[in-house]
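Visitor: Here's a structure for you.
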Amino acid sequence: MVWIGQSHVYTCMAPLSLSVVKVRGMWQSIASILAVLVVTMSEAAKGASWKPATGMSWQIQLSGSNYSGLIAAKPQVVIVDMDVVSKFKAQADKAGFRRSAYKLVCYFSIGTYEPGRVAADKLRGLDWKKLETSVGGGGKLYAGKLAPPFQEELWLLLNTSEVRRALVGFMSARLDGAVSAGCDGVDMDNVDAYDNVKPAGRVTVQHELAYVGAMMTAAHSRGLAAGLKNALDLLPKTLPDGQSVVATMDWYVNERCAAFKECGAYRQAGVPATVPVWSIEYCDARALFGAGNPNVHPDCFCNAAAKDPRFSVLIKDVALRKVGLNCTAYCARPSSRCTSPPSSCFSSSPANACAKHGVL
């Protein structure tokens, strides 16, 4: 038997007359036991990531440098960009919003090249030019611009295992940075290249599943919680390791499922009622995304969300700079009609309805 103390390993010792061979064998046995213990502790750590519960209040801010509104709301879950965590924490501490009062989820894109993150990546020892060279050039790494207003970003081409392996290694350094920054989880964005890269079929759902599965494993192995951002086509699928997508995700973040009339996909895919769907509806969608993108009246989606325990909805601006408000706050207003929403839920005027709905 072996006991492990603070700095020593104690064993039931055989008599000193043991041969050298027996002594050597004893220490080899001890080494084997220690190796098993290390692996066991490592495996335990992999399953130690935080699991959010439905009903937790949350907020997200991905632009601007003043977090006073978010901090004043005192949400139980905070989502901010991974490269501003120290700034956010400093403002939160100054305002008395202690770190123990909230879980911190750190945002970054795993599916696109973000020009605004290149400098921070360099501080993490990451070089996009070297990444391009390692996969045979930019033509094998990039797959075209995102649609406005995010056209400065480039989709990453996930259609070869070589590129996916290189990207998982690259993005894992960001995960290490999230751990060092004290993040409880990561919001990994832009995992729907299969639905956006042209021509259709250049990146497939299977390519995406392979990449998402590898990144979820990388996050969980570091003790980070993680979830699925949009990409509803992945919900009923199975990852390469044999686990279903629904069984793997710790939460879901969705943008504009009411606008696209697809919020029911989570229930249909069998997402447990205990797993949260953090949903965002934009009050300035018509203004920022253009024709064909009407704004949805909050009375309509707040009424629907109240019937599904998974959902917690925020009414926000596309820039994710303003605090906005959640459905509970909106429906508490005397002028709201959440219990009897209007028959027409979509509107193109005004193009920016944020002020109308109190998103300040």
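By convention here, the chains of the structure tokens are called A, B, ... in the order presented, each chain's residues are numbered starting at 1, and ligands are numbered starting at 1 in the order presented.
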Hey, what's within 6 Å of Leu70 of chain A if we count only C-alpha atoms and toss same-chain stuff fewer than 3 positions away? As a list in words, please?
Guide: Tyr67, Ala73 and Val323 of chain A
Visitor: Going by DSSP on the backbone, which bits of segment 153-186 of chain A are strand (DSSP E)? Write them as a compact mmCIF listing (two decimals) with C-alpha atoms, in the first residue's frame, please.
Guide:
```txt
# COMPACT_ATOMS: atom_id res chain seq x y z
CA LEU A 154 -12.65 36.14 -42.70
CA TRP A 155 -14.20 32.70 -42.47
CA LEU A 156 -11.74 29.91 -41.72
CA GLY A 185 -16.06 29.31 -19.55
CA VAL A 186 -15.62 30.37 -23.17
```
Visitor: Find the residues near Asp241 of chain A: any atom within 10 Å, counting only C-alpha atoms, skip ones fewer than 6 places away on the same chain, and give them as a VMD selection string.
Guide: chain A and resid 210 213 to 214 217
Visitor: Could the residues in this selection be saved with C-alpha atoms as a compact mmCIF listing (two decimals), in the first residue's frame?
Guide:
```txt
# COMPACT_ATOMS: atom_id res chain seq x y z
CA ALA A 210 -15.11 17.63 -36.27
CA GLY A 213 -15.94 18.51 -31.13
CA ALA A 214 -12.18 18.99 -30.90
CA THR A 217 -12.70 18.60 -25.78
```
Visitor: Mind checking DSSP for segment 47-76 of chain A and telling me the helix (DSSP H, G or I) residues as a VMD selection string?
Guide: chain A and resid 68 to 73
Visitor: Residues of segment 60-139 of chain A within 12 Å of segment 261-280 of chain A: nearest atom pair and distance (Å, one decimal) for each, counting only C-alpha atoms, sorted by chain and number, as a tab-separated table?
Guide:
```
residue	atom	partner	partner_atom	distance
A:Ile60	CA	A:Ile280	CA	9.4
A:Gln61	CA	A:Ile280	CA	11.7
A:Val77	CA	A:Trp278	CA	10.3
A:Val78	CA	A:Trp278	CA	11.5
A:Ile79	CA	A:Trp278	CA	10.8
```
Visitor: Pull N, CA, C and O atoms from the residues just selected and write them as a PDB file, in the first residue's frame.
Guide:
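The resulting part34.pdb:
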```pdb
ATOM      1  N   ILE A  60     -24.148  40.321 -21.569  1.00  0.00           N
ATOM      2  CA  ILE A  60     -23.048  40.244 -22.517  1.00  0.00           C
ATOM      3  C   ILE A  60     -22.726  41.629 -23.031  1.00  0.00           C
ATOM      4  O   ILE A  60     -23.621  42.416 -23.342  1.00  0.00           O
ATOM      5  N   GLN A  61     -21.434  41.965 -23.094  1.00  0.00           N
ATOM      6  CA  GLN A  61     -20.974  43.217 -23.692  1.00  0.00           C
ATOM      7  C   GLN A  61     -19.667  42.939 -24.422  1.00  0.00           C
ATOM      8  O   GLN A  61     -18.687  42.497 -23.816  1.00  0.00           O
ATOM      9  N   VAL A  77     -24.042  35.691 -14.564  1.00  0.00           N
ATOM     10  CA  VAL A  77     -23.122  35.264 -15.620  1.00  0.00           C
ATOM     11  C   VAL A  77     -22.773  36.486 -16.457  1.00  0.00           C
ATOM     12  O   VAL A  77     -23.663  37.208 -16.911  1.00  0.00           O
ATOM     13  N   VAL A  78     -21.481  36.705 -16.659  1.00  0.00           N
ATOM     14  CA  VAL A  78     -20.987  37.836 -17.447  1.00  0.00           C
ATOM     15  C   VAL A  78     -20.222  37.292 -18.647  1.00  0.00           C
ATOM     16  O   VAL A  78     -19.333  36.451 -18.489  1.00  0.00           O
ATOM     17  N   ILE A  79     -20.573  37.769 -19.845  1.00  0.00           N
ATOM     18  CA  ILE A  79     -19.814  37.418 -21.051  1.00  0.00           C
ATOM     19  C   ILE A  79     -19.149  38.678 -21.577  1.00  0.00           C
ATOM     20  O   ILE A  79     -19.832  39.658 -21.908  1.00  0.00           O
TER      21      ILE A  79
END
```
Visitor: Show me, as a list in words, the residues that have an atom within 6 Å of segment 285-288 of chain A when counting only C-alpha atoms, minus same-chain residues fewer than 5 positions from it.
Guide: Asn293, Pro294, Asn295, Ala351 and Asn352 of chain A
Visitor: One number please: atom CA of Asn196 of chain A to atom CA of Glu281 of chain A, in Å, one decimal.
Guide: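 Value for the atom CA of Asn196 of chain A-atom CA of Glu281 of chain A distance: 20.4 Å.
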Visitor: In Å, rounded to a single decimal, give me how far atom CA of Val105 of chain A is from atom CA of Val253 of chain A.
Guide: 11.6 Å
